[in-house]
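K.L.:
Questions regarding the structure given below will be posed in turn.
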Amino acid sequence: MKILIKRKFIIKFKNFFYLLSVILPLTLIPAIVFYAGYLYLDGSIKNENAPIFTFNAPNSLITKQNTVENDRDGILNFQGEVIPEDIFSLATPDPSRKYYEVKEIDASKSPDKWVISVNDSTNSGTDLNEFCERDFSENFSDYELFSEEPLVLIYHTHTSESFEQSYRGFYYEDDIFRTEDTDKNVCAVGEAMKNILEKNGIKVIHDTTFHDVPAYSGAYSRSESTVMNYLNKYPSIKITIDLHRDAMITDEGLSYKPTVKIEGKKAAQMMLIAGCDVNNEIGFDNWEECLPFSLNVQKKAESLYPNLMRPLMFCRRNYNTYITSTSLLIEVGTQSNTLNEAVYSGKLMGNILSQVILENLK
């Protein structure tokens with residue numbers, strides 16, 4: 001009896017392994033194929049043909065040639081990026097008012113990259129890798145932390161640029177994305193950035209003068225005068241930051257909202273703009289001295305917070321970045337980003353700049 005039971009057990013045991021050897025491959029292979037396809041579509045596996053900024057060489061600098069049209073006062077028109085289509089509205093628009101759709105660009109779905117991405121529209125042949133290796137710290141390397149002397153000036157050429165208070169999924173044709181309420185415009189972002197810098201021992205002056213009110217035209221000339229006045233009063237200022245809010249609207253009125261999740265919280269994507277004057281056409285004689293700082297801020301940002309930055313815009317423009325060799329022009333989000341997203345980005349940029357500065361002190 002015992003022998004019979006043992007024999008039956010052995011037969012069943014062998015049958016079990018036989019079935020397992022047949023069934024397991026049939027179930028695992030489709031599962032593996034499905035998961036690989038999911039990763040591919042989700043962006044975890046690089047799609048070599050997709051027109052997105054993904055690079056696989058650490059600390060390398062890749063450029064993308066493009067043509068950028070500008071208006072008279074320096075707003076860069078949206079050139080097109082990879083736009084996801086799976087966005088839904090969170091509110092219902094009033095049918096009696098003309099409205100347009102807002103779509104969110106969720107950069108969290110892009111593959112992480114620790115590289116520098118640059119959108120080069122200059123056709124200048126500039127070796128950006130070489131510029132990225134240049135020293136830019138001579139201006140501030142001897143700064144003493146927690147000094148009463150300011151090192152950084154944050155200002156706003158277009159001070160009234162504002163953000164959405166909440167995400168609606170649309171905007172009305174008659175919406176005005178400007179306000180003189182400094183708690184709701186780019187000044188709130190500048191203040192968040194200032195607070196982080198000062199916590200790290202870097203003294204900041206944050207100027208909230210309205211350079212675009214009552215007139216938008218001529219704002220850069222007015223902000224230039226403001227910066228010069230501060231430099232004359234505080235020679236210790238070496239880093240000047242012109243903080244803006246971008247606009248990304250197609251000819252059909254579709255507005256884009258670029259975001260990325262950083263540590264579980266949504267931030268507005270940011271963009272740096274650096275100028276080029278290789279043919280001495282726009283009076284930007286020191287552009288070569290200014291470029292390394294912007295490139296290294298982009299590099300630090302992408303290493304700390306992947307996909308927080310849109311590609312650095314390298315273009316034939318001057319703005320006011322000529323004033324010091326460590327000047328920045330930063331675009332935070334667009335008119336469709338929320339104020340909370342933009343303020344969070346200001347805090348992240350404060351941390352990015354703090355690390356760039358601290359790593360380059362004597």
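We label chains A, B, ... in the order they appear in the structure tokens, count residues from 1 in each chain, and number ligands from 1 in the order shown.
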Quick one: everything within 9 Å of A:Thr159, counting only C-alpha atoms, minus sequence neighbours fewer than 2 positions away in the same chain. Send it as a PyMOL selection string.
P.N.:
chain A and resi 155-157+161-162+178-180+182+185-187+208-213+243-244
K.L.:
Print the selection's residues with C-alpha atoms to a file, as a PDB file, in the first residue's frame.
P.N.:
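Result file is result_23.pdb:
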ATOM      1  CA  TYR A 155      14.633  91.201 -11.669  1.00  0.00           C
ATOM      2  CA  HIS A 156      11.847  90.955 -14.224  1.00  0.00           C
ATOM      3  CA  THR A 157      11.751  92.687 -17.604  1.00  0.00           C
ATOM      4  CA  GLU A 161       3.562  88.043 -16.542  1.00  0.00           C
ATOM      5  CA  SER A 162       1.280  85.739 -14.556  1.00  0.00           C
ATOM      6  CA  ARG A 178      -0.804  89.666 -16.692  1.00  0.00           C
ATOM      7  CA  THR A 179      -1.283  91.171 -13.267  1.00  0.00           C
ATOM      8  CA  GLU A 180       0.323  93.740 -11.002  1.00  0.00           C
ATOM      9  CA  THR A 182       3.199  90.376  -7.095  1.00  0.00           C
ATOM     10  CA  ASN A 185       2.962  86.934 -11.174  1.00  0.00           C
ATOM     11  CA  VAL A 186       6.630  86.126 -11.831  1.00  0.00           C
ATOM     12  CA  CYS A 187       7.605  88.076  -8.704  1.00  0.00           C
ATOM     13  CA  THR A 208       9.949  93.948  -8.416  1.00  0.00           C
ATOM     14  CA  THR A 209       9.842  97.123 -10.511  1.00  0.00           C
ATOM     15  CA  PHE A 210       7.208  96.905 -13.264  1.00  0.00           C
ATOM     16  CA  HIS A 211       9.096  97.456 -16.513  1.00  0.00           C
ATOM     17  CA  ASP A 212       6.191  96.415 -18.768  1.00  0.00           C
ATOM     18  CA  VAL A 213       3.524  98.631 -17.194  1.00  0.00           C
ATOM     19  CA  LEU A 243      13.052  85.905 -14.666  1.00  0.00           C
ATOM     20  CA  HIS A 244      10.160  85.517 -17.133  1.00  0.00           C
TER      21      HIS A 244
END
K.L.:
At a cut-off of 10 Å, using only C-alpha atoms, what residues contact A:Asp135? Leave out same-chain residues fewer than 4 positions from it and give the result as a compact mmCIF listing (two decimals) with N, CA and C atoms, in the first residue's frame.
P.N.:
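The result, stored in part.txt:
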# COMPACT_ATOMS: atom_id res chain seq x y z
N PHE A 131 32.77 75.25 -24.78
CA PHE A 131 32.32 76.36 -23.95
C PHE A 131 31.87 75.88 -22.57
N GLU A 289 31.94 85.08 -23.27
CA GLU A 289 32.18 85.05 -21.82
C GLU A 289 30.92 84.65 -21.06
N PRO A 292 29.32 80.15 -21.01
CA PRO A 292 29.64 79.03 -20.11
C PRO A 292 28.77 78.95 -18.87
N PHE A 293 28.39 80.09 -18.29
CA PHE A 293 27.58 80.06 -17.08
C PHE A 293 26.21 79.45 -17.35
N ASN A 296 26.47 75.69 -17.83
CA ASN A 296 26.72 74.94 -16.60
C ASN A 296 25.53 74.94 -15.67
N ASN A 360 31.77 76.53 -6.85
CA ASN A 360 32.77 77.33 -7.55
C ASN A 360 33.35 78.43 -6.68
K.L.:
Would you kindly return, as a PyMOL selection string, each protein, DNA or RNA residue with an atom no farther than 6 Å from any atom of stretch 254-267 of chain A, considering only C-alpha atoms and excluding same-chain residues fewer than 6 positions away?
P.N.:
chain A and resi 100-108+248+336-337+341+344-345
K.L.:
For atom CA of A:Asp127 and atom CA of A:Asp142, determine how far apart the two atoms are, in Å to one decimal place.
P.N.:
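Interatomic distance here is 28.9 Å.
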K.L.:
When DSSP works through the backbone of this structure, what residues of stretch 223-273 of chain A end up as strand (DSSP E), shown as number ranges by chain?
P.N.:
A: 239-244, 255-262, 265-268, 270-273
K.L.:
Rank A:Arg168, A:Ile176, A:Phe136, A:His158 by their smallest atom-to-atom distance to A:Ser221, using only C-alpha atoms, and report the top residue only.
P.N.:
A:His158
K.L.:
Please provide as a list in words all residues within 7 Å of A:Lys299, with the sequence filter that same-chain residues fewer than 3 positions apart are discarded (counting only C-alpha atoms).
P.N.:
Val115, Ile116, Leu295, Asn296, Glu302 and Ser303 of chain A
K.L.:
Smallest atom-to-atom distance to A:Ala91: which of A:Tyr143, A:Tyr230, A:Tyr220, A:Tyr171, using only C-alpha atoms?
P.N.:
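Result for the nearest residue to A:Ala91: A:Tyr171.
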K.L.:
Just list the residues in stretch 157-270 of chain A DSSP gives helix (DSSP H, G or I) on the backbone, as an mmCIF file with N, CA, C and O atoms, in the first residue's frame.
P.N.:
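This went into states.cif:
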data_model
loop_
_atom_site.group_PDB
_atom_site.id
_atom_site.type_symbol
_atom_site.label_atom_id
_atom_site.label_comp_id
_atom_site.auth_asym_id
_atom_site.auth_seq_id
_atom_site.Cartn_x
_atom_site.Cartn_y
_atom_site.Cartn_z
ATOM 1 N N VAL A 186 5.282 86.685 -11.895
ATOM 2 C CA VAL A 186 6.630 86.126 -11.831
ATOM 3 C C VAL A 186 7.399 86.578 -10.586
ATOM 4 O O VAL A 186 8.393 85.941 -10.209
ATOM 5 N N CYS A 187 6.948 87.635 -9.935
ATOM 6 C CA CYS A 187 7.605 88.076 -8.704
ATOM 7 C C CYS A 187 7.518 87.005 -7.613
ATOM 8 O O CYS A 187 8.447 86.851 -6.808
ATOM 9 N N ALA A 188 6.416 86.276 -7.584
ATOM 10 C CA ALA A 188 6.269 85.203 -6.593
ATOM 11 C C ALA A 188 7.301 84.110 -6.823
ATOM 12 O O ALA A 188 7.839 83.518 -5.877
ATOM 13 N N VAL A 189 7.606 83.843 -8.088
ATOM 14 C CA VAL A 189 8.630 82.847 -8.430
ATOM 15 C C VAL A 189 10.008 83.356 -8.024
ATOM 16 O O VAL A 189 10.819 82.617 -7.456
ATOM 17 N N GLY A 190 10.273 84.631 -8.312
ATOM 18 C CA GLY A 190 11.553 85.224 -7.932
ATOM 19 C C GLY A 190 11.767 85.219 -6.429
ATOM 20 O O GLY A 190 12.892 85.006 -5.949
ATOM 21 N N GLU A 191 10.704 85.444 -5.682
ATOM 22 C CA GLU A 191 10.816 85.462 -4.223
ATOM 23 C C GLU A 191 11.136 84.054 -3.691
ATOM 24 O O GLU A 191 11.934 83.903 -2.753
ATOM 25 N N ALA A 192 10.518 83.039 -4.292
ATOM 26 C CA ALA A 192 10.809 81.661 -3.889
ATOM 27 C C ALA A 192 12.262 81.313 -4.171
ATOM 28 O O ALA A 192 12.934 80.657 -3.363
ATOM 29 N N MET A 193 12.758 81.756 -5.306
ATOM 30 C CA MET A 193 14.153 81.513 -5.659
ATOM 31 C C MET A 193 15.090 82.231 -4.696
ATOM 32 O O MET A 193 16.086 81.657 -4.219
ATOM 33 N N LYS A 194 14.763 83.463 -4.382
ATOM 34 C CA LYS A 194 15.573 84.249 -3.447
ATOM 35 C C LYS A 194 15.669 83.563 -2.082
ATOM 36 O O LYS A 194 16.753 83.479 -1.490
ATOM 37 N N ASN A 195 14.556 83.082 -1.575
ATOM 38 C CA ASN A 195 14.535 82.465 -0.243
ATOM 39 C C ASN A 195 15.464 81.263 -0.158
ATOM 40 O O ASN A 195 16.155 81.070 0.851
ATOM 41 N N ILE A 196 15.494 80.438 -1.210
ATOM 42 C CA ILE A 196 16.375 79.261 -1.207
ATOM 43 C C ILE A 196 17.839 79.692 -1.268
ATOM 44 O O ILE A 196 18.690 79.155 -0.541
ATOM 45 N N LEU A 197 18.150 80.649 -2.113
ATOM 46 C CA LEU A 197 19.529 81.126 -2.228
ATOM 47 C C LEU A 197 20.022 81.680 -0.889
ATOM 48 O O LEU A 197 21.145 81.392 -0.456
ATOM 49 N N GLU A 198 19.178 82.456 -0.232
ATOM 50 C CA GLU A 198 19.611 83.075 1.024
ATOM 51 C C GLU A 198 19.733 82.054 2.151
ATOM 52 O O GLU A 198 20.565 82.213 3.047
ATOM 53 N N LYS A 199 18.938 80.986 2.108
ATOM 54 C CA LYS A 199 19.107 79.908 3.091
ATOM 55 C C LYS A 199 20.470 79.244 2.943
ATOM 56 O O LYS A 199 21.010 78.670 3.884
ATOM 57 N N ALA A 219 10.391 97.559 -22.615
ATOM 58 C CA ALA A 219 10.607 96.995 -21.279
ATOM 59 C C ALA A 219 12.071 96.617 -21.051
ATOM 60 O O ALA A 219 12.597 96.786 -19.947
ATOM 61 N N TYR A 220 12.740 96.123 -22.087
ATOM 62 C CA TYR A 220 14.142 95.724 -21.910
ATOM 63 C C TYR A 220 15.046 96.922 -21.641
ATOM 64 O O TYR A 220 16.001 96.815 -20.851
ATOM 65 N N SER A 221 14.759 98.031 -22.266
ATOM 66 C CA SER A 221 15.557 99.235 -22.001
ATOM 67 C C SER A 221 15.358 99.707 -20.565
ATOM 68 O O SER A 221 16.315 100.111 -19.889
ATOM 69 N N ARG A 222 14.126 99.628 -20.085
ATOM 70 C CA ARG A 222 13.848 100.068 -18.719
ATOM 71 C C ARG A 222 14.472 99.124 -17.690
ATOM 72 O O ARG A 222 15.019 99.567 -16.675
ATOM 73 N N SER A 223 14.392 97.809 -17.949
ATOM 74 C CA SER A 223 15.001 96.874 -16.997
ATOM 75 C C SER A 223 16.527 96.982 -17.033
ATOM 76 O O SER A 223 17.193 96.792 -16.001
ATOM 77 N N GLU A 224 17.080 97.307 -18.185
ATOM 78 C CA GLU A 224 18.529 97.515 -18.280
ATOM 79 C C GLU A 224 18.969 98.658 -17.368
ATOM 80 O O GLU A 224 19.979 98.545 -16.653
ATOM 81 N N SER A 225 18.201 99.738 -17.352
ATOM 82 C CA SER A 225 18.520 100.867 -16.471
ATOM 83 C C SER A 225 18.440 100.459 -15.008
ATOM 84 O O SER A 225 19.275 100.864 -14.191
ATOM 85 N N THR A 226 17.438 99.654 -14.676
ATOM 86 C CA THR A 226 17.300 99.173 -13.296
ATOM 87 C C THR A 226 18.526 98.373 -12.872
ATOM 88 O O THR A 226 19.083 98.572 -11.781
ATOM 89 N N VAL A 227 18.958 97.455 -13.730
ATOM 90 C CA VAL A 227 20.116 96.619 -13.408
ATOM 91 C C VAL A 227 21.372 97.470 -13.245
ATOM 92 O O VAL A 227 22.144 97.280 -12.293
ATOM 93 N N MET A 228 21.579 98.422 -14.142
ATOM 94 C CA MET A 228 22.768 99.279 -14.065
ATOM 95 C C MET A 228 22.789 100.076 -12.764
ATOM 96 O O MET A 228 23.851 100.250 -12.148
ATOM 97 N N ASN A 229 21.628 100.540 -12.338
ATOM 98 C CA ASN A 229 21.560 101.287 -11.078
ATOM 99 C C ASN A 229 21.972 100.422 -9.892
ATOM 100 O O ASN A 229 22.692 100.873 -8.994
ATOM 101 N N TYR A 230 21.519 99.167 -9.884
ATOM 102 C CA TYR A 230 21.893 98.262 -8.794
ATOM 103 C C TYR A 230 23.390 97.934 -8.828
ATOM 104 O O TYR A 230 24.038 97.858 -7.778
ATOM 105 N N LEU A 231 23.932 97.741 -10.011
ATOM 106 C CA LEU A 231 25.361 97.422 -10.114
ATOM 107 C C LEU A 231 26.224 98.588 -9.637
ATOM 108 O O LEU A 231 27.285 98.383 -9.031
ATOM 109 N N ASN A 232 25.774 99.798 -9.906
ATOM 110 C CA ASN A 232 26.505 100.972 -9.428
ATOM 111 C C ASN A 232 26.427 101.092 -7.906
ATOM 112 O O ASN A 232 27.392 101.491 -7.255
ATOM 113 N N LYS A 233 25.262 100.732 -7.363
ATOM 114 C CA LYS A 233 25.067 100.847 -5.922
ATOM 115 C C LYS A 233 25.713 99.684 -5.169
ATOM 116 O O LYS A 233 26.229 99.853 -4.061
#
K.L.:
For A:Gly283, work out the shell of residues within 10 Å, counting only C-alpha atoms and skipping chain neighbours fewer than 3 positions away, then give it as a PyMOL selection string.
P.N.:
chain A and resi 276-277+279-280+286-287+317-318+322
K.L.:
Would you mind exporting N, CA, C and O atoms of the selected residues as an mmCIF file, in the first residue's frame?
P.N.:
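That gives us out.cif:
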data_model
loop_
_atom_site.group_PDB
_atom_site.id
_atom_site.type_symbol
_atom_site.label_atom_id
_atom_site.label_comp_id
_atom_site.auth_asym_id
_atom_site.auth_seq_id
_atom_site.Cartn_x
_atom_site.Cartn_y
_atom_site.Cartn_z
ATOM 1 N N CYS A 276 23.996 84.690 -28.867
ATOM 2 C CA CYS A 276 25.173 84.474 -29.706
ATOM 3 C C CYS A 276 25.303 85.651 -30.672
ATOM 4 O O CYS A 276 24.303 86.128 -31.209
ATOM 5 N N ASP A 277 26.527 86.112 -30.865
ATOM 6 C CA ASP A 277 26.765 87.205 -31.817
ATOM 7 C C ASP A 277 28.081 86.956 -32.540
ATOM 8 O O ASP A 277 28.995 87.770 -32.525
ATOM 9 N N ASN A 279 28.926 86.981 -35.543
ATOM 10 C CA ASN A 279 29.258 87.873 -36.657
ATOM 11 C C ASN A 279 29.202 89.348 -36.271
ATOM 12 O O ASN A 279 29.197 90.218 -37.152
ATOM 13 N N ASN A 280 29.136 89.627 -34.966
ATOM 14 C CA ASN A 280 29.093 91.016 -34.471
ATOM 15 C C ASN A 280 27.962 91.823 -35.109
ATOM 16 O O ASN A 280 28.152 92.929 -35.596
ATOM 17 N N ASN A 286 30.475 90.351 -25.710
ATOM 18 C CA ASN A 286 30.996 89.408 -24.700
ATOM 19 C C ASN A 286 30.175 88.129 -24.594
ATOM 20 O O ASN A 286 30.171 87.475 -23.557
ATOM 21 N N TRP A 287 29.502 87.742 -25.660
ATOM 22 C CA TRP A 287 28.639 86.562 -25.596
ATOM 23 C C TRP A 287 29.429 85.303 -25.271
ATOM 24 O O TRP A 287 28.907 84.398 -24.603
ATOM 25 N N ARG A 317 20.317 86.480 -30.155
ATOM 26 C CA ARG A 317 19.621 87.529 -29.419
ATOM 27 C C ARG A 317 20.513 88.030 -28.295
ATOM 28 O O ARG A 317 21.417 87.321 -27.847
ATOM 29 N N ASN A 318 20.231 89.237 -27.819
ATOM 30 C CA ASN A 318 21.060 89.830 -26.783
ATOM 31 C C ASN A 318 20.320 89.897 -25.452
ATOM 32 O O ASN A 318 20.793 89.420 -24.439
ATOM 33 N N TYR A 322 24.143 90.549 -21.510
ATOM 34 C CA TYR A 322 25.511 91.032 -21.724
ATOM 35 C C TYR A 322 26.045 91.763 -20.491
ATOM 36 O O TYR A 322 27.258 91.972 -20.360
#
K.L.:
Could you please determine the separation between atom CA of A:Gln298 and atom CA of A:Leu353 in Å, to one decimal place?
P.N.:
9.9 Å
K.L.:
Rounded to one decimal, what separation in Å do you get between atom CA of A:Tyr167 and atom CA of A:Thr92?
P.N.:
11.6 Å
K.L.:
Pick out the residues sitting within 7 Å of A:Leu312, and hand them over as a list in words; count only C-alpha atoms, and ignore anything fewer than 5 positions along from it in its own chain.
P.N.:
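Here the qualifying residues turn out to be Ser117, Val118, Asn119, Met271, Leu272 and Ile273 of chain A.
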K.L.:
Applying 6 Å and only C-alpha atoms, which residues near A:Asp246 remain after dropping the ones on its own chain fewer than 5 positions away? List them as a list in words.
P.N.:
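After dropping sequence-adjacent residues, the list is Glu331, Gly333 and Thr334 of chain A.
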K.L.:
Which residue out of A:Ser160, A:Ala301, A:Gly350, A:Asp175 has the minimum interatomic distance to A:Pro214 when only C-alpha atoms are used?
P.N.:
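Closest candidate: A:Ser160.
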K.L.:
Choose the residue, out of A:Gln335, A:Asn351, A:Ser325, A:Thr240, that has the smallest atom-to-atom separation from A:Asp285; count only C-alpha atoms.
P.N.:
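Using only C-alpha atoms, A:Asp285 sits closest to A:Ser325.
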K.L.:
Between A:Arg97, A:Lys109, A:Lys238, A:Arg316, which has the minimum distance to A:Glu138 (counting only C-alpha atoms)?
P.N.:
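Closest to A:Glu138, using only C-alpha atoms: A:Lys238.
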